[in-house]
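For reference, model_30.cif (mmCIF, N, CA and C atoms):
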```
data_upload
loop_
_atom_site.label_atom_id
_atom_site.label_comp_id
_atom_site.auth_asym_id
_atom_site.auth_seq_id
_atom_site.Cartn_x
_atom_site.Cartn_y
_atom_site.Cartn_z
N MET A 271 -27.88 -34.14 -44.87
CA MET A 271 -27.70 -33.03 -45.77
C MET A 271 -26.26 -32.54 -45.66
N ILE A 272 -25.58 -32.53 -46.75
CA ILE A 272 -24.19 -32.09 -46.79
C ILE A 272 -24.14 -30.70 -47.40
N MET A 273 -23.43 -29.81 -46.73
CA MET A 273 -23.26 -28.46 -47.25
C MET A 273 -21.90 -28.35 -47.89
N ASN A 274 -21.85 -27.65 -49.01
CA ASN A 274 -20.55 -27.49 -49.64
C ASN A 274 -19.77 -26.36 -48.98
N THR A 275 -18.50 -26.32 -49.27
CA THR A 275 -17.60 -25.36 -48.66
C THR A 275 -17.99 -23.93 -48.97
N LYS A 276 -18.45 -23.67 -50.20
CA LYS A 276 -18.82 -22.31 -50.58
C LYS A 276 -19.99 -21.79 -49.74
N VAL A 277 -20.95 -22.65 -49.44
CA VAL A 277 -22.08 -22.25 -48.59
C VAL A 277 -21.58 -21.91 -47.19
N LEU A 278 -20.70 -22.73 -46.66
CA LEU A 278 -20.15 -22.47 -45.33
C LEU A 278 -19.31 -21.20 -45.30
N LEU A 279 -18.50 -20.98 -46.33
CA LEU A 279 -17.70 -19.75 -46.40
C LEU A 279 -18.59 -18.52 -46.55
N ALA A 280 -19.65 -18.65 -47.35
CA ALA A 280 -20.60 -17.54 -47.51
C ALA A 280 -21.26 -17.22 -46.17
N ALA A 281 -21.65 -18.25 -45.42
CA ALA A 281 -22.27 -18.04 -44.11
C ALA A 281 -21.29 -17.38 -43.15
N LEU A 282 -20.05 -17.81 -43.16
CA LEU A 282 -19.05 -17.23 -42.28
C LEU A 282 -18.78 -15.77 -42.65
N ALA A 283 -18.63 -15.49 -43.94
CA ALA A 283 -18.39 -14.11 -44.39
C ALA A 283 -19.58 -13.21 -44.06
N GLY A 284 -20.78 -13.70 -44.32
CA GLY A 284 -21.96 -12.92 -43.98
C GLY A 284 -22.09 -12.72 -42.49
N GLY A 285 -21.76 -13.75 -41.71
CA GLY A 285 -21.81 -13.65 -40.26
C GLY A 285 -20.85 -12.61 -39.72
N ILE A 286 -19.65 -12.58 -40.28
CA ILE A 286 -18.67 -11.58 -39.86
C ILE A 286 -19.16 -10.17 -40.20
N ALA A 287 -19.68 -10.01 -41.42
CA ALA A 287 -20.17 -8.69 -41.85
C ALA A 287 -21.32 -8.21 -40.96
N THR A 288 -22.29 -9.08 -40.69
CA THR A 288 -23.43 -8.65 -39.89
C THR A 288 -23.06 -8.48 -38.42
N PHE A 289 -22.09 -9.25 -37.94
CA PHE A 289 -21.63 -9.09 -36.56
C PHE A 289 -21.07 -7.69 -36.34
N PHE A 290 -20.18 -7.27 -37.22
CA PHE A 290 -19.56 -5.96 -37.06
C PHE A 290 -20.53 -4.82 -37.38
N LEU A 291 -21.37 -5.00 -38.38
CA LEU A 291 -22.35 -3.96 -38.68
C LEU A 291 -23.39 -3.87 -37.56
N GLY A 292 -23.80 -5.00 -37.03
CA GLY A 292 -24.72 -5.00 -35.89
C GLY A 292 -24.14 -4.29 -34.69
N TRP A 293 -22.86 -4.50 -34.44
CA TRP A 293 -22.18 -3.81 -33.35
C TRP A 293 -22.19 -2.30 -33.60
N ALA A 294 -21.91 -1.89 -34.86
CA ALA A 294 -21.88 -0.47 -35.18
C ALA A 294 -23.28 0.15 -35.06
N LEU A 295 -24.30 -0.56 -35.54
CA LEU A 295 -25.65 -0.01 -35.50
C LEU A 295 -26.29 -0.10 -34.12
N TYR A 296 -26.38 -1.33 -33.59
CA TYR A 296 -27.06 -1.53 -32.31
C TYR A 296 -26.18 -1.14 -31.12
N GLY A 297 -24.90 -1.44 -31.20
CA GLY A 297 -24.02 -1.20 -30.07
C GLY A 297 -23.51 0.21 -29.95
N MET A 298 -23.54 0.95 -31.07
CA MET A 298 -23.01 2.32 -31.03
C MET A 298 -24.04 3.35 -31.51
N ALA A 299 -24.38 3.31 -32.78
CA ALA A 299 -25.20 4.37 -33.37
C ALA A 299 -26.60 4.45 -32.77
N LEU A 300 -27.25 3.33 -32.52
CA LEU A 300 -28.63 3.34 -32.04
C LEU A 300 -28.80 2.84 -30.61
N LYS A 301 -27.69 2.71 -29.91
CA LYS A 301 -27.75 2.17 -28.54
C LYS A 301 -28.67 3.01 -27.66
N GLY A 302 -28.49 4.31 -27.66
CA GLY A 302 -29.32 5.18 -26.84
C GLY A 302 -30.79 5.13 -27.23
N PHE A 303 -31.05 5.06 -28.53
CA PHE A 303 -32.43 4.98 -29.00
C PHE A 303 -33.12 3.74 -28.45
N PHE A 304 -32.49 2.59 -28.59
CA PHE A 304 -33.13 1.36 -28.12
C PHE A 304 -33.19 1.31 -26.60
N GLU A 305 -32.20 1.87 -25.92
CA GLU A 305 -32.27 1.93 -24.45
C GLU A 305 -33.44 2.79 -23.99
N SER A 306 -33.71 3.86 -24.71
CA SER A 306 -34.81 4.74 -24.32
C SER A 306 -36.17 4.23 -24.78
N ASN A 307 -36.19 3.20 -25.60
CA ASN A 307 -37.45 2.64 -26.08
C ASN A 307 -37.72 1.24 -25.55
N VAL A 308 -37.11 0.93 -24.41
CA VAL A 308 -37.43 -0.31 -23.72
C VAL A 308 -38.78 -0.10 -23.05
N GLY A 309 -39.63 -1.09 -23.10
CA GLY A 309 -40.94 -0.97 -22.48
C GLY A 309 -40.84 -0.99 -20.97
N SER A 310 -41.87 -1.46 -20.32
CA SER A 310 -41.90 -1.46 -18.87
C SER A 310 -41.16 -2.64 -18.25
N ALA A 311 -40.68 -3.56 -19.07
CA ALA A 311 -39.91 -4.69 -18.54
C ALA A 311 -38.56 -4.18 -18.04
N THR A 312 -38.10 -4.69 -16.92
CA THR A 312 -36.82 -4.27 -16.37
C THR A 312 -35.84 -5.44 -16.35
N GLY A 313 -34.57 -5.12 -16.37
CA GLY A 313 -33.54 -6.14 -16.31
C GLY A 313 -33.44 -7.01 -17.55
N VAL A 314 -33.96 -6.52 -18.67
CA VAL A 314 -33.98 -7.31 -19.89
C VAL A 314 -32.65 -7.26 -20.62
N MET A 315 -32.11 -6.05 -20.75
CA MET A 315 -30.87 -5.89 -21.51
C MET A 315 -29.65 -6.18 -20.64
N ARG A 316 -28.69 -6.89 -21.20
CA ARG A 316 -27.42 -7.11 -20.53
C ARG A 316 -26.58 -5.83 -20.63
N GLY A 317 -25.77 -5.58 -19.62
CA GLY A 317 -24.82 -4.49 -19.70
C GLY A 317 -23.69 -4.87 -20.64
N ASP A 318 -22.93 -3.88 -21.07
CA ASP A 318 -21.83 -4.13 -22.00
C ASP A 318 -20.88 -5.21 -21.48
N GLU A 319 -20.60 -5.20 -20.19
CA GLU A 319 -19.66 -6.16 -19.61
C GLU A 319 -20.25 -7.57 -19.51
N ASP A 320 -21.57 -7.70 -19.66
CA ASP A 320 -22.22 -9.01 -19.56
C ASP A 320 -22.63 -9.60 -20.91
N MET A 321 -22.33 -8.89 -21.99
CA MET A 321 -22.70 -9.40 -23.32
C MET A 321 -22.00 -10.73 -23.59
N GLN A 322 -22.72 -11.62 -24.20
CA GLN A 322 -22.18 -12.92 -24.59
C GLN A 322 -21.80 -12.84 -26.07
N ILE A 323 -20.61 -12.34 -26.34
CA ILE A 323 -20.16 -12.07 -27.71
C ILE A 323 -20.19 -13.32 -28.57
N TRP A 324 -19.80 -14.45 -28.00
CA TRP A 324 -19.80 -15.70 -28.77
C TRP A 324 -21.21 -16.03 -29.26
N ALA A 325 -22.22 -15.78 -28.43
CA ALA A 325 -23.60 -16.09 -28.81
C ALA A 325 -24.10 -15.13 -29.89
N ILE A 326 -23.71 -13.86 -29.78
CA ILE A 326 -24.08 -12.89 -30.80
C ILE A 326 -23.47 -13.29 -32.14
N PHE A 327 -22.19 -13.66 -32.12
CA PHE A 327 -21.52 -14.08 -33.35
C PHE A 327 -22.17 -15.35 -33.92
N ALA A 328 -22.46 -16.31 -33.06
CA ALA A 328 -23.11 -17.56 -33.51
C ALA A 328 -24.46 -17.25 -34.15
N GLY A 329 -25.21 -16.33 -33.58
CA GLY A 329 -26.49 -15.95 -34.15
C GLY A 329 -26.35 -15.31 -35.52
N ASN A 330 -25.33 -14.48 -35.69
CA ASN A 330 -25.08 -13.86 -36.99
C ASN A 330 -24.68 -14.89 -38.04
N VAL A 331 -23.87 -15.85 -37.65
CA VAL A 331 -23.48 -16.92 -38.59
C VAL A 331 -24.69 -17.78 -38.94
N ALA A 332 -25.54 -18.08 -37.96
CA ALA A 332 -26.75 -18.87 -38.23
C ALA A 332 -27.67 -18.13 -39.20
N TRP A 333 -27.86 -16.84 -38.98
CA TRP A 333 -28.68 -16.02 -39.87
C TRP A 333 -28.10 -16.06 -41.29
N SER A 334 -26.79 -15.91 -41.41
CA SER A 334 -26.15 -15.92 -42.72
C SER A 334 -26.19 -17.30 -43.36
N LEU A 335 -26.14 -18.35 -42.55
CA LEU A 335 -26.27 -19.71 -43.08
C LEU A 335 -27.67 -19.91 -43.66
N LEU A 336 -28.67 -19.37 -42.99
CA LEU A 336 -30.03 -19.44 -43.53
C LEU A 336 -30.07 -18.80 -44.91
N LEU A 337 -29.50 -17.60 -45.03
CA LEU A 337 -29.48 -16.93 -46.33
C LEU A 337 -28.69 -17.73 -47.36
N ALA A 338 -27.53 -18.25 -46.97
CA ALA A 338 -26.70 -19.02 -47.90
C ALA A 338 -27.44 -20.25 -48.41
N LEU A 339 -28.16 -20.93 -47.53
CA LEU A 339 -28.93 -22.10 -47.95
C LEU A 339 -30.08 -21.71 -48.87
N LEU A 340 -30.81 -20.66 -48.50
CA LEU A 340 -31.91 -20.20 -49.36
C LEU A 340 -31.39 -19.78 -50.73
N TYR A 341 -30.31 -19.01 -50.73
CA TYR A 341 -29.77 -18.49 -51.98
C TYR A 341 -29.23 -19.61 -52.87
N SER A 342 -28.47 -20.54 -52.27
CA SER A 342 -27.80 -21.55 -53.08
C SER A 342 -28.73 -22.68 -53.51
N ARG A 343 -29.66 -23.06 -52.67
CA ARG A 343 -30.49 -24.22 -52.98
C ARG A 343 -31.77 -23.89 -53.73
N TRP A 344 -32.35 -22.73 -53.48
CA TRP A 344 -33.65 -22.44 -54.06
C TRP A 344 -33.70 -21.19 -54.91
N ALA A 345 -32.96 -20.16 -54.55
CA ALA A 345 -33.10 -18.88 -55.24
C ALA A 345 -32.07 -18.66 -56.34
N GLY A 346 -30.97 -19.38 -56.31
CA GLY A 346 -29.93 -19.21 -57.32
C GLY A 346 -29.27 -17.84 -57.28
N ILE A 347 -29.16 -17.25 -56.12
CA ILE A 347 -28.58 -15.91 -55.98
C ILE A 347 -27.06 -16.02 -55.88
N THR A 348 -26.38 -15.33 -56.79
CA THR A 348 -24.91 -15.39 -56.82
C THR A 348 -24.26 -14.03 -57.06
N THR A 349 -24.98 -12.95 -56.79
CA THR A 349 -24.40 -11.62 -56.93
C THR A 349 -24.66 -10.81 -55.66
N PHE A 350 -23.84 -9.79 -55.46
CA PHE A 350 -24.02 -8.93 -54.30
C PHE A 350 -25.39 -8.25 -54.33
N MET A 351 -25.77 -7.67 -55.48
CA MET A 351 -27.02 -6.92 -55.55
C MET A 351 -28.25 -7.80 -55.33
N ALA A 352 -28.28 -8.96 -55.95
CA ALA A 352 -29.42 -9.87 -55.75
C ALA A 352 -29.47 -10.33 -54.30
N GLY A 353 -28.31 -10.62 -53.73
CA GLY A 353 -28.25 -11.04 -52.34
C GLY A 353 -28.67 -9.94 -51.40
N ALA A 354 -28.26 -8.71 -51.70
CA ALA A 354 -28.62 -7.57 -50.87
C ALA A 354 -30.12 -7.30 -50.92
N THR A 355 -30.69 -7.37 -52.10
CA THR A 355 -32.12 -7.13 -52.25
C THR A 355 -32.93 -8.18 -51.49
N ALA A 356 -32.60 -9.44 -51.70
CA ALA A 356 -33.31 -10.52 -51.00
C ALA A 356 -33.07 -10.43 -49.50
N GLY A 357 -31.84 -10.17 -49.10
CA GLY A 357 -31.52 -10.08 -47.68
C GLY A 357 -32.26 -8.94 -46.99
N ALA A 358 -32.40 -7.82 -47.67
CA ALA A 358 -33.13 -6.69 -47.09
C ALA A 358 -34.58 -7.05 -46.85
N TRP A 359 -35.22 -7.66 -47.84
CA TRP A 359 -36.62 -8.05 -47.69
C TRP A 359 -36.80 -9.12 -46.61
N ILE A 360 -35.94 -10.12 -46.63
CA ILE A 360 -36.04 -11.19 -45.64
C ILE A 360 -35.80 -10.64 -44.24
N GLY A 361 -34.76 -9.82 -44.08
CA GLY A 361 -34.46 -9.23 -42.78
C GLY A 361 -35.60 -8.35 -42.28
N PHE A 362 -36.13 -7.52 -43.16
CA PHE A 362 -37.22 -6.62 -42.79
C PHE A 362 -38.46 -7.40 -42.37
N LEU A 363 -38.88 -8.35 -43.19
CA LEU A 363 -40.13 -9.07 -42.91
C LEU A 363 -40.02 -9.99 -41.70
N MET A 364 -38.86 -10.65 -41.53
CA MET A 364 -38.69 -11.50 -40.35
C MET A 364 -38.69 -10.66 -39.08
N ALA A 365 -37.98 -9.54 -39.08
CA ALA A 365 -37.95 -8.67 -37.90
C ALA A 365 -39.31 -8.04 -37.64
N LEU A 366 -40.00 -7.62 -38.69
CA LEU A 366 -41.33 -7.03 -38.52
C LEU A 366 -42.28 -8.03 -37.88
N GLY A 367 -42.25 -9.26 -38.38
CA GLY A 367 -43.10 -10.30 -37.79
C GLY A 367 -42.77 -10.54 -36.34
N TYR A 368 -41.49 -10.71 -36.03
CA TYR A 368 -41.07 -10.95 -34.65
C TYR A 368 -41.41 -9.75 -33.77
N ASP A 369 -41.06 -8.56 -34.22
CA ASP A 369 -41.25 -7.36 -33.41
C ASP A 369 -42.73 -7.06 -33.14
N MET A 370 -43.59 -7.26 -34.13
CA MET A 370 -45.01 -7.00 -33.92
C MET A 370 -45.61 -8.01 -32.93
N ILE A 371 -45.22 -9.28 -33.07
CA ILE A 371 -45.71 -10.28 -32.12
C ILE A 371 -45.16 -10.00 -30.73
N SER A 372 -43.89 -9.65 -30.64
CA SER A 372 -43.28 -9.33 -29.35
C SER A 372 -43.94 -8.11 -28.73
N PHE A 373 -44.17 -7.07 -29.52
CA PHE A 373 -44.84 -5.87 -29.01
C PHE A 373 -46.25 -6.20 -28.53
N GLY A 374 -46.95 -7.04 -29.28
CA GLY A 374 -48.32 -7.39 -28.93
C GLY A 374 -48.44 -8.29 -27.72
N THR A 375 -47.37 -8.98 -27.35
CA THR A 375 -47.46 -9.97 -26.27
C THR A 375 -46.58 -9.69 -25.07
N THR A 376 -45.67 -8.69 -25.15
CA THR A 376 -44.76 -8.43 -24.03
C THR A 376 -44.68 -6.93 -23.74
N ASN A 377 -43.97 -6.60 -22.70
CA ASN A 377 -43.68 -5.21 -22.35
C ASN A 377 -42.21 -4.89 -22.55
N MET A 378 -41.57 -5.57 -23.50
CA MET A 378 -40.12 -5.43 -23.65
C MET A 378 -39.71 -4.23 -24.50
N GLY A 379 -40.61 -3.63 -25.24
CA GLY A 379 -40.23 -2.49 -26.06
C GLY A 379 -41.43 -1.67 -26.47
N THR A 380 -41.15 -0.48 -26.97
CA THR A 380 -42.20 0.42 -27.43
C THR A 380 -42.56 0.09 -28.88
N LEU A 381 -43.68 0.64 -29.32
CA LEU A 381 -44.07 0.48 -30.72
C LEU A 381 -43.03 1.13 -31.63
N THR A 382 -42.48 2.24 -31.19
CA THR A 382 -41.45 2.92 -31.99
C THR A 382 -40.27 1.99 -32.23
N ALA A 383 -39.80 1.34 -31.19
CA ALA A 383 -38.68 0.40 -31.35
C ALA A 383 -39.08 -0.76 -32.26
N ALA A 384 -40.31 -1.23 -32.13
CA ALA A 384 -40.78 -2.35 -32.95
C ALA A 384 -40.88 -1.97 -34.42
N LEU A 385 -41.02 -0.69 -34.71
CA LEU A 385 -41.08 -0.25 -36.11
C LEU A 385 -39.71 0.13 -36.67
N VAL A 386 -38.81 0.57 -35.81
CA VAL A 386 -37.46 0.93 -36.25
C VAL A 386 -36.60 -0.33 -36.44
N ASP A 387 -36.75 -1.30 -35.56
CA ASP A 387 -35.92 -2.51 -35.62
C ASP A 387 -35.99 -3.22 -36.98
N PRO A 388 -37.16 -3.37 -37.61
CA PRO A 388 -37.17 -4.00 -38.94
C PRO A 388 -36.38 -3.23 -39.99
N VAL A 389 -36.35 -1.92 -39.88
CA VAL A 389 -35.56 -1.11 -40.83
C VAL A 389 -34.07 -1.38 -40.62
N VAL A 390 -33.65 -1.44 -39.35
CA VAL A 390 -32.25 -1.76 -39.05
C VAL A 390 -31.93 -3.17 -39.57
N ASN A 391 -32.85 -4.10 -39.38
CA ASN A 391 -32.64 -5.46 -39.86
C ASN A 391 -32.62 -5.54 -41.38
N ALA A 392 -33.33 -4.65 -42.05
CA ALA A 392 -33.25 -4.60 -43.51
C ALA A 392 -31.85 -4.19 -43.95
N VAL A 393 -31.25 -3.24 -43.25
CA VAL A 393 -29.88 -2.82 -43.57
C VAL A 393 -28.91 -3.98 -43.30
N LEU A 394 -29.04 -4.61 -42.14
CA LEU A 394 -28.19 -5.76 -41.83
C LEU A 394 -28.39 -6.88 -42.85
N GLY A 395 -29.64 -7.14 -43.20
CA GLY A 395 -29.95 -8.18 -44.19
C GLY A 395 -29.37 -7.86 -45.55
N ALA A 396 -29.42 -6.58 -45.93
CA ALA A 396 -28.87 -6.18 -47.23
C ALA A 396 -27.36 -6.40 -47.28
N VAL A 397 -26.67 -5.97 -46.25
CA VAL A 397 -25.21 -6.13 -46.25
C VAL A 397 -24.84 -7.61 -46.12
N GLY A 398 -25.41 -8.30 -45.15
CA GLY A 398 -25.11 -9.73 -44.99
C GLY A 398 -25.52 -10.54 -46.20
N GLY A 399 -26.71 -10.26 -46.73
CA GLY A 399 -27.19 -10.98 -47.92
C GLY A 399 -26.34 -10.69 -49.13
N GLY A 400 -25.89 -9.44 -49.25
CA GLY A 400 -25.00 -9.08 -50.36
C GLY A 400 -23.68 -9.83 -50.29
N VAL A 401 -23.11 -9.90 -49.09
CA VAL A 401 -21.85 -10.63 -48.91
C VAL A 401 -22.06 -12.11 -49.21
N VAL A 402 -23.15 -12.68 -48.72
CA VAL A 402 -23.44 -14.10 -48.99
C VAL A 402 -23.58 -14.33 -50.49
N GLY A 403 -24.35 -13.49 -51.17
CA GLY A 403 -24.52 -13.64 -52.61
C GLY A 403 -23.21 -13.51 -53.36
N PHE A 404 -22.38 -12.54 -52.96
CA PHE A 404 -21.09 -12.35 -53.60
C PHE A 404 -20.21 -13.60 -53.44
N VAL A 405 -20.13 -14.12 -52.22
CA VAL A 405 -19.26 -15.29 -51.98
C VAL A 405 -19.80 -16.50 -52.75
N LEU A 406 -21.11 -16.67 -52.79
CA LEU A 406 -21.66 -17.81 -53.53
C LEU A 406 -21.33 -17.72 -55.02
N GLY A 407 -21.27 -16.49 -55.55
CA GLY A 407 -20.98 -16.33 -56.97
C GLY A 407 -19.51 -16.15 -57.30
N TYR A 408 -18.67 -16.05 -56.27
CA TYR A 408 -17.25 -15.82 -56.49
C TYR A 408 -16.64 -16.96 -57.31
N GLY A 409 -15.91 -16.59 -58.33
CA GLY A 409 -15.29 -17.60 -59.19
C GLY A 409 -16.13 -17.93 -60.41
N LYS A 410 -17.41 -17.57 -60.41
CA LYS A 410 -18.28 -17.81 -61.56
C LYS A 410 -18.25 -16.66 -62.56
N ARG A 411 -17.67 -15.55 -62.11
CA ARG A 411 -17.65 -14.37 -62.97
C ARG A 411 -16.52 -14.48 -64.00
N ALA A 412 -16.78 -13.91 -65.16
CA ALA A 412 -15.76 -13.95 -66.23
C ALA A 412 -14.81 -12.80 -66.11
#
```

If you took the structure in this file and wrote it as structure tokens, what would it be?
Amino acid sequence: MIMNTKVLLAALAGGIATFFLGWALYGMALKGFFESNVGSATGVMRGDEDMQIWAIFAGNVAWSLLLALLYSRWAGITTFMAGATAGAWIGFLMALGYDMISFGTTNMGTLTAALVDPVVNAVLGAVGGGVVGFVLGYGKRA
């Protein structure tokens, strides 16, 4: 399977957007909330000095590549708004599924965190998906 340059650029742009927005949301704005909603599991979260930034960035690019492939190959999404709408739903539902299963099977977080995380992922999905959609449609506009 060969990916075209636009798909790769869309994935990179979306990855950069979600990386920085994720840092702002999870690393700054909601850091205390998620720290206070860790379940009974201990030693789960890395400290700031132990974060593997390269892995976080790679994960954001992989997530955006998934959206770029879905949008370009099957959904035909080439605008910011369509990408944002699809990204919000995909981000919300994927996180909700993961978080509910994780909550039901582990002690890593509270139910509150499991319900808030999908909303945060919807915001990340909307911004990342919007950027991916915009890049995929760039140059097609009159």

note - atom N of Asp387 of chain A and atom C of Thr349 of chain A are separated by 25.3 Å

To test your reading of the syntax: which residues would the PyMOL selection byres ((chain A and resi 289-302) around 8) return for the file shown? Reply as a list in words.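 What the PyMOL selection byres ((chain A and resi 289-302) around 8) grabs from the file is Ala283, Gly284, Gly285, Ile286, Ala287, Thr288, Phe303, Phe304, Glu305, Ser306, Asn307, Ile326, Phe327, Gly329, Asn330, Val331, Val390, Val393, Leu394 and Gly398 of chain A.
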
Show me, as a list in words, the residues that have an atom within 6.5 Å of Leu335 of chain A when counting all atoms listed in the file, minus same-chain residues fewer than 2 positions from it.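 Returned residues: Ala280, Ala281, Leu282, Gly285, Asn330, Val331, Ala332, Trp333, Leu337, Ala338, Leu339 and Leu340 of chain A.
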
Output file for the residues above (N, CA and C atoms, as an mmCIF file, in the frame of the given file):
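part-v1.cif written:
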```
data_model
loop_
_atom_site.group_PDB
_atom_site.id
_atom_site.type_symbol
_atom_site.label_atom_id
_atom_site.label_comp_id
_atom_site.auth_asym_id
_atom_site.auth_seq_id
_atom_site.Cartn_x
_atom_site.Cartn_y
_atom_site.Cartn_z
ATOM 1 N N ALA A 280 -19.650 -18.650 -47.350
ATOM 2 C CA ALA A 280 -20.600 -17.540 -47.510
ATOM 3 C C ALA A 280 -21.260 -17.220 -46.170
ATOM 4 N N ALA A 281 -21.650 -18.250 -45.420
ATOM 5 C CA ALA A 281 -22.270 -18.040 -44.110
ATOM 6 C C ALA A 281 -21.290 -17.380 -43.150
ATOM 7 N N LEU A 282 -20.050 -17.810 -43.160
ATOM 8 C CA LEU A 282 -19.050 -17.230 -42.280
ATOM 9 C C LEU A 282 -18.780 -15.770 -42.650
ATOM 10 N N GLY A 285 -21.760 -13.750 -41.710
ATOM 11 C CA GLY A 285 -21.810 -13.650 -40.260
ATOM 12 C C GLY A 285 -20.850 -12.610 -39.720
ATOM 13 N N ASN A 330 -25.330 -14.480 -35.690
ATOM 14 C CA ASN A 330 -25.080 -13.860 -36.990
ATOM 15 C C ASN A 330 -24.680 -14.890 -38.040
ATOM 16 N N VAL A 331 -23.870 -15.850 -37.650
ATOM 17 C CA VAL A 331 -23.480 -16.920 -38.590
ATOM 18 C C VAL A 331 -24.690 -17.780 -38.940
ATOM 19 N N ALA A 332 -25.540 -18.080 -37.960
ATOM 20 C CA ALA A 332 -26.750 -18.870 -38.230
ATOM 21 C C ALA A 332 -27.670 -18.130 -39.200
ATOM 22 N N TRP A 333 -27.860 -16.840 -38.980
ATOM 23 C CA TRP A 333 -28.680 -16.020 -39.870
ATOM 24 C C TRP A 333 -28.100 -16.060 -41.290
ATOM 25 N N LEU A 337 -29.500 -17.600 -45.030
ATOM 26 C CA LEU A 337 -29.480 -16.930 -46.330
ATOM 27 C C LEU A 337 -28.690 -17.730 -47.360
ATOM 28 N N ALA A 338 -27.530 -18.250 -46.970
ATOM 29 C CA ALA A 338 -26.700 -19.020 -47.900
ATOM 30 C C ALA A 338 -27.440 -20.250 -48.410
ATOM 31 N N LEU A 339 -28.160 -20.930 -47.530
ATOM 32 C CA LEU A 339 -28.930 -22.100 -47.950
ATOM 33 C C LEU A 339 -30.080 -21.710 -48.870
ATOM 34 N N LEU A 340 -30.810 -20.660 -48.500
ATOM 35 C CA LEU A 340 -31.910 -20.200 -49.360
ATOM 36 C C LEU A 340 -31.390 -19.780 -50.730
#
```

Expanded to explicit residues, what is the PyMOL selection byres (((chain A and resi 381 and name CA) around 12) and name CA) for this file, as a PyMOL selection string? chain A and resi 304+307-309+366+369-380+382-388

Go ahead and compute the interatomic distance for atom CA of Asp318 of chain A and atom CA of Asn391 of chain A, in Å to one decimal. 20.9 Å

Can you pull out every residue from chain A that DSSP, working from the backbone, puts in alpha helix (DSSP H), and format the result as a count of residues only? 94

Judged by only N, CA and C atoms, the minimum distance to Ala392 of chain A among A:Ala345, A:Met273, A:Ile360, A:Met351 is found for A:Ile360

Could you list, as a list of chain:residue names, every residue within 6 Å of Leu406 of chain A, counting only N, CA and C atoms and ignoring same-chain residues fewer than 5 positions away?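 Everything that qualifies: A:Lys276, A:Ala280, A:Thr348, A:Val401.
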
Distance of atom N of Gly400 of chain A from atom CA of Gly367 of chain A, expressed in Å to one decimal place: 20.7 Å

Write out as AutoDock Vina command-line options an axis-aligned box for segment 381-389 of chain A: all of its atoms listed in the file, 6 Å added on each side, centre and edge lengths in Å with one decimal.
```
--center_x -39.1 --center_y -0.5 --center_z -35.1 --size_x 22.0 --size_y 18.9 --size_z 23.5
```

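In terms of minimum interatomic distance to Ala396 of chain A, A:Phe362 ranks closest within A:Met321, A:Gly409, A:Tyr368, A:Phe362, counting all atoms listed in the file.
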
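With only C-alpha atoms as the atoms that count, the minimum distance from Lys410 of chain A to the choices A:Gly357, A:Thr312, A:Ile347, A:Ser334 is reached by A:Ile347.
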